[in-house]
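Structure below is structure-v8.cif: mmCIF, C-alpha atoms.
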```cif
data_work
loop_
_atom_site.group_PDB
_atom_site.id
_atom_site.type_symbol
_atom_site.label_atom_id
_atom_site.label_comp_id
_atom_site.auth_asym_id
_atom_site.auth_seq_id
_atom_site.Cartn_x
_atom_site.Cartn_y
_atom_site.Cartn_z
ATOM 1 C CA ARG Q 1080 69.122 -42.371 1.486
ATOM 2 C CA ARG Q 1081 66.987 -40.160 -0.693
ATOM 3 C CA ASN Q 1082 65.916 -37.871 2.121
ATOM 4 C CA LYS Q 1083 69.060 -37.078 4.061
ATOM 5 C CA ALA Q 1084 67.192 -34.548 6.203
ATOM 6 C CA ARG Q 1085 65.147 -37.325 7.767
ATOM 7 C CA ALA Q 1086 66.996 -38.540 10.849
ATOM 8 C CA GLU Q 1087 65.148 -41.796 11.377
ATOM 9 C CA TYR Q 1088 63.052 -43.952 9.108
ATOM 10 C CA GLN Q 1089 59.713 -45.278 10.238
ATOM 11 C CA LYS Q 1090 60.088 -48.670 11.875
ATOM 12 C CA ARG Q 1091 57.940 -51.451 10.466
ATOM 13 C CA ASP Q 1092 55.713 -53.254 12.946
ATOM 14 C CA PHE Q 1093 56.138 -56.866 11.866
ATOM 15 C CA THR Q 1094 53.673 -58.028 14.512
ATOM 16 C CA ALA Q 1095 50.832 -56.194 12.751
ATOM 17 C CA TYR Q 1096 50.717 -58.876 10.050
ATOM 18 C CA GLN Q 1097 52.351 -62.291 10.092
ATOM 19 C CA PRO Q 1098 52.279 -63.993 6.683
ATOM 20 C CA GLN Q 1099 51.918 -67.742 6.218
ATOM 21 C CA LEU Q 1100 54.363 -67.731 3.314
ATOM 22 C CA ILE Q 1101 57.129 -65.452 2.113
ATOM 23 C CA ILE Q 1102 58.577 -65.894 -1.377
ATOM 24 C CA ILE Q 1103 62.082 -64.574 -1.985
ATOM 25 C CA ASN Q 1104 63.252 -64.348 -5.589
ATOM 26 C CA LEU Q 1105 66.850 -63.109 -5.322
ATOM 27 C CA GLY Q 1106 70.058 -64.007 -7.066
ATOM 28 C CA THR Q 1107 69.353 -63.289 -10.720
ATOM 29 C CA ASN Q 1108 72.044 -60.622 -11.047
ATOM 30 C CA ASP Q 1109 74.356 -62.118 -8.442
ATOM 31 C CA GLY Q 1110 75.523 -64.947 -10.699
ATOM 32 C CA SER Q 1111 77.100 -62.406 -13.026
ATOM 33 C CA TYR Q 1112 79.050 -61.042 -10.056
ATOM 34 C CA THR Q 1113 80.045 -64.243 -8.277
ATOM 35 C CA ARG Q 1114 81.055 -66.103 -11.508
ATOM 36 C CA ASN Q 1115 82.209 -69.152 -9.520
ATOM 37 C CA ILE Q 1116 84.880 -67.098 -7.771
ATOM 38 C CA PRO Q 1117 85.148 -68.877 -4.396
ATOM 39 C CA ALA Q 1118 85.431 -65.742 -2.232
ATOM 40 C CA ARG Q 1119 82.437 -64.169 -3.957
ATOM 41 C CA ASP Q 1120 80.429 -67.387 -3.748
ATOM 42 C CA ARG Q 1121 81.098 -67.588 0.020
ATOM 43 C CA ALA Q 1122 80.186 -63.924 0.523
ATOM 44 C CA PHE Q 1123 76.925 -64.428 -1.375
ATOM 45 C CA VAL Q 1124 75.952 -67.564 0.564
ATOM 46 C CA ASN Q 1125 76.877 -65.993 3.909
ATOM 47 C CA GLY Q 1126 74.924 -62.845 3.073
ATOM 48 C CA TYR Q 1127 71.896 -64.859 1.952
ATOM 49 C CA VAL Q 1128 71.968 -66.913 5.159
ATOM 50 C CA LYS Q 1129 72.148 -63.720 7.208
ATOM 51 C CA PHE Q 1130 69.222 -62.302 5.235
ATOM 52 C CA LEU Q 1131 67.147 -65.458 5.789
ATOM 53 C CA ARG Q 1132 67.818 -65.256 9.520
ATOM 54 C CA GLN Q 1133 66.642 -61.636 9.540
ATOM 55 C CA VAL Q 1134 63.462 -62.589 7.696
ATOM 56 C CA ARG Q 1135 62.892 -65.459 10.137
ATOM 57 C CA GLU Q 1136 63.475 -63.223 13.158
ATOM 58 C CA VAL Q 1137 60.510 -61.012 12.280
ATOM 59 C CA ASN Q 1138 58.373 -63.797 10.751
ATOM 60 C CA PRO Q 1139 58.792 -66.664 13.197
ATOM 61 C CA ASN Q 1140 55.989 -68.873 11.864
ATOM 62 C CA ALA Q 1141 56.086 -68.270 8.123
ATOM 63 C CA ASN Q 1142 57.226 -70.744 5.534
ATOM 64 C CA ILE Q 1143 59.894 -69.165 3.362
ATOM 65 C CA LEU Q 1144 60.219 -70.204 -0.274
ATOM 66 C CA CYS Q 1145 63.405 -69.130 -2.019
ATOM 67 C CA THR Q 1146 63.651 -69.178 -5.792
ATOM 68 C CA VAL Q 1147 65.935 -67.804 -8.474
ATOM 69 C CA GLY Q 1148 65.238 -67.162 -12.146
ATOM 70 C CA VAL Q 1149 63.559 -66.478 -14.690
ATOM 71 C CA MET Q 1150 66.182 -64.280 -16.339
ATOM 72 C CA ALA Q 1151 69.183 -66.282 -15.142
ATOM 73 C CA THR Q 1152 69.818 -69.147 -12.758
ATOM 74 C CA ALA Q 1153 73.602 -69.012 -12.389
ATOM 75 C CA ALA Q 1154 73.260 -68.475 -8.620
ATOM 76 C CA LYS Q 1155 70.826 -71.371 -8.120
ATOM 77 C CA ASP Q 1156 73.393 -73.601 -6.401
ATOM 78 C CA LEU Q 1157 74.387 -70.756 -4.085
ATOM 79 C CA VAL Q 1158 70.778 -70.047 -3.116
ATOM 80 C CA GLY Q 1159 70.229 -73.765 -2.606
ATOM 81 C CA GLU Q 1160 73.312 -73.928 -0.395
ATOM 82 C CA ALA Q 1161 72.104 -70.998 1.709
ATOM 83 C CA VAL Q 1162 68.745 -72.699 2.199
ATOM 84 C CA SER Q 1163 70.491 -75.961 3.136
ATOM 85 C CA ARG Q 1164 72.619 -74.160 5.691
ATOM 86 C CA VAL Q 1165 69.573 -72.571 7.294
ATOM 87 C CA ASN Q 1166 67.891 -75.992 7.336
ATOM 88 C CA ASP Q 1167 71.012 -77.426 8.985
ATOM 89 C CA PHE Q 1168 70.676 -74.749 11.688
ATOM 90 C CA GLY Q 1169 67.271 -76.246 12.489
ATOM 91 C CA ASP Q 1170 64.919 -74.088 10.422
ATOM 92 C CA ASN Q 1171 62.911 -76.645 8.466
ATOM 93 C CA LYS Q 1172 60.412 -74.074 7.172
ATOM 94 C CA VAL Q 1173 62.727 -72.667 4.494
ATOM 95 C CA PHE Q 1174 62.492 -74.191 1.014
ATOM 96 C CA PHE Q 1175 64.169 -73.812 -2.374
ATOM 97 C CA LYS Q 1176 62.591 -74.222 -5.793
ATOM 98 C CA GLU Q 1177 64.590 -73.289 -8.866
ATOM 99 C CA ALA Q 1178 62.620 -71.254 -11.363
ATOM 100 C CA PHE Q 1179 62.723 -71.892 -15.101
ATOM 101 C CA LEU Q 1180 64.318 -69.619 -17.680
ATOM 102 C CA GLN Q 1181 62.032 -67.358 -19.657
ATOM 103 C CA ASN Q 1182 61.268 -68.278 -23.249
ATOM 104 C CA GLY Q 1183 61.472 -65.103 -25.285
ATOM 105 C CA GLU Q 1184 60.371 -66.813 -28.485
ATOM 106 C CA VAL Q 1185 57.090 -67.847 -26.880
ATOM 107 C CA ASP Q 1186 56.415 -65.109 -24.311
ATOM 108 C CA GLY Q 1187 58.503 -62.175 -25.524
ATOM 109 C CA ILE Q 1188 61.071 -60.221 -23.573
ATOM 110 C CA GLY Q 1189 60.436 -57.058 -21.590
ATOM 111 C CA ALA Q 1190 62.663 -54.017 -21.109
ATOM 112 C CA ASP Q 1191 66.329 -54.902 -20.443
ATOM 113 C CA TRP Q 1192 65.515 -58.609 -20.872
ATOM 114 C CA HIS Q 1193 63.080 -58.602 -17.954
ATOM 115 C CA PRO Q 1194 60.186 -61.053 -18.033
ATOM 116 C CA THR Q 1195 56.901 -60.157 -19.643
ATOM 117 C CA GLU Q 1196 53.517 -60.347 -17.940
ATOM 118 C CA SER Q 1197 53.044 -63.757 -19.572
ATOM 119 C CA THR Q 1198 56.287 -65.066 -18.076
ATOM 120 C CA GLN Q 1199 55.412 -63.638 -14.667
ATOM 121 C CA LYS Q 1200 52.061 -65.410 -14.814
ATOM 122 C CA LYS Q 1201 53.769 -68.703 -15.707
ATOM 123 C CA LEU Q 1202 56.204 -68.257 -12.814
ATOM 124 C CA ALA Q 1203 53.314 -67.620 -10.418
ATOM 125 C CA GLU Q 1204 51.514 -70.767 -11.594
ATOM 126 C CA TYR Q 1205 54.741 -72.779 -11.325
ATOM 127 C CA LEU Q 1206 55.359 -71.650 -7.755
ATOM 128 C CA VAL Q 1207 51.715 -72.078 -6.732
ATOM 129 C CA GLU Q 1208 51.909 -75.707 -7.872
ATOM 130 C CA TYR Q 1209 55.007 -76.226 -5.691
ATOM 131 C CA ILE Q 1210 53.327 -74.454 -2.771
ATOM 132 C CA LYS Q 1211 50.270 -76.692 -3.019
ATOM 133 C CA GLU Q 1212 52.292 -79.910 -3.450
ATOM 134 C CA ASN Q 1213 54.298 -79.100 -0.314
ATOM 135 C CA ASN Q 1214 51.428 -77.700 1.779
ATOM 136 C CA LEU Q 1215 53.256 -74.417 2.385
ATOM 137 C CA ILE Q 1216 49.985 -72.582 3.115
#
```

If you took the structure in this file and wrote it as structure tokens, what would it be?
Amino acid sequence: RRNKARAEYQKRDFTAYQPQLIIINLGTNDGSYTRNIPARDRAFVNGYVKFLRQVREVNPNANILCTVGVMATAAKDLVGEAVSRVNDFGDNKVFFKEAFLQNGEVDGIGADWHPTESTQKKLAEYLVEYIKENNLI
């Protein structure tokens, strides 16, 4: 979009590297949009399922770990539903682990309420524990 003169963007060669694990942390801002409005909830879940299928298409062997947080978890049930739907379609290598909410009193708050380095480190440790417990790599 930024370079309108460029007719075609470079295509990524997904076969050049196939990861064992992909972590997707999406949905933080979506809860403020969906707000339990059924049509918006459905659109979010359907879009997330479509996205997961696209990720799977180019990463056929990877485990996919979906999470939502640390700024907000309003969309956690929607992300969980999308993962369940993909599992129901037969993809048993997609997982969901809800993240925790940041603690500004302990770790501080970054720009526009974004997590600090300390919170990011805690999230990484939290997810690594889940990854190890479930043998995702």

Nearby residues (all atoms listed in the file) at most 12 Å from Leu1105 in chain Q, same-chain spacing under 3 positions excluded, as number ranges by chain | Q: 1102, 1108-1110, 1123-1124, 1126-1127, 1130-1131, 1144-1155, 1157-1159, 1161, 1175-1178

Let me know the residues the PyMOL selection byres ((chain Q and resi 1170) around 12) catches in the file above, as a list of chain:residue names.
->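 The output of the PyMOL selection byres ((chain Q and resi 1170) around 12) on this file is Q:Val1128, Q:Leu1131, Q:Arg1132, Q:Val1134, Q:Arg1135, Q:Glu1136, Q:Pro1139, Q:Asn1140, Q:Ala1141, Q:Asn1142, Q:Ile1143, Q:Ala1161, Q:Val1162, Q:Ser1163, Q:Arg1164, Q:Val1165, Q:Asn1166, Q:Asp1167, Q:Phe1168, Q:Gly1169, Q:Asn1171, Q:Lys1172, Q:Val1173, Q:Phe1174.
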
Residues as selected, C-alpha atoms, written as a short mmCIF file (atom, residue, chain, number, x, y, z; two decimals), keeping the file's coordinate frame, can you do that?
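And here is the file that came out, again-v2.cif:
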```cif
data_model
loop_
_atom_site.label_atom_id
_atom_site.label_comp_id
_atom_site.auth_asym_id
_atom_site.auth_seq_id
_atom_site.Cartn_x
_atom_site.Cartn_y
_atom_site.Cartn_z
CA VAL Q 1128 71.97 -66.91 5.16
CA LEU Q 1131 67.15 -65.46 5.79
CA ARG Q 1132 67.82 -65.26 9.52
CA VAL Q 1134 63.46 -62.59 7.70
CA ARG Q 1135 62.89 -65.46 10.14
CA GLU Q 1136 63.48 -63.22 13.16
CA PRO Q 1139 58.79 -66.66 13.20
CA ASN Q 1140 55.99 -68.87 11.86
CA ALA Q 1141 56.09 -68.27 8.12
CA ASN Q 1142 57.23 -70.74 5.53
CA ILE Q 1143 59.89 -69.17 3.36
CA ALA Q 1161 72.10 -71.00 1.71
CA VAL Q 1162 68.74 -72.70 2.20
CA SER Q 1163 70.49 -75.96 3.14
CA ARG Q 1164 72.62 -74.16 5.69
CA VAL Q 1165 69.57 -72.57 7.29
CA ASN Q 1166 67.89 -75.99 7.34
CA ASP Q 1167 71.01 -77.43 8.98
CA PHE Q 1168 70.68 -74.75 11.69
CA GLY Q 1169 67.27 -76.25 12.49
CA ASN Q 1171 62.91 -76.64 8.47
CA LYS Q 1172 60.41 -74.07 7.17
CA VAL Q 1173 62.73 -72.67 4.49
CA PHE Q 1174 62.49 -74.19 1.01
#
```

Option closest in space to Glu1204 in chain Q, from Q:Ile1103, Q:Phe1179, Q:Ile1188, Q:Asp1120 [counting only C-alpha atoms] =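 Using only C-alpha atoms, the shortest distance to Glu1204 in chain Q belongs to Q:Phe1179.
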
Please measure the separation of CA of His1193 in chain Q and CA of Thr1107 in chain Q, giving the value in Å to one decimal.
-> 10.7 Å

CA of Asp1156 in chain Q to CA of Gln1199 in chain Q, straight-line distance in Å |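 Result for CA of Gln1199 in chain Q versus CA of Asp1156 in chain Q: 22.2 Å, one decimal.
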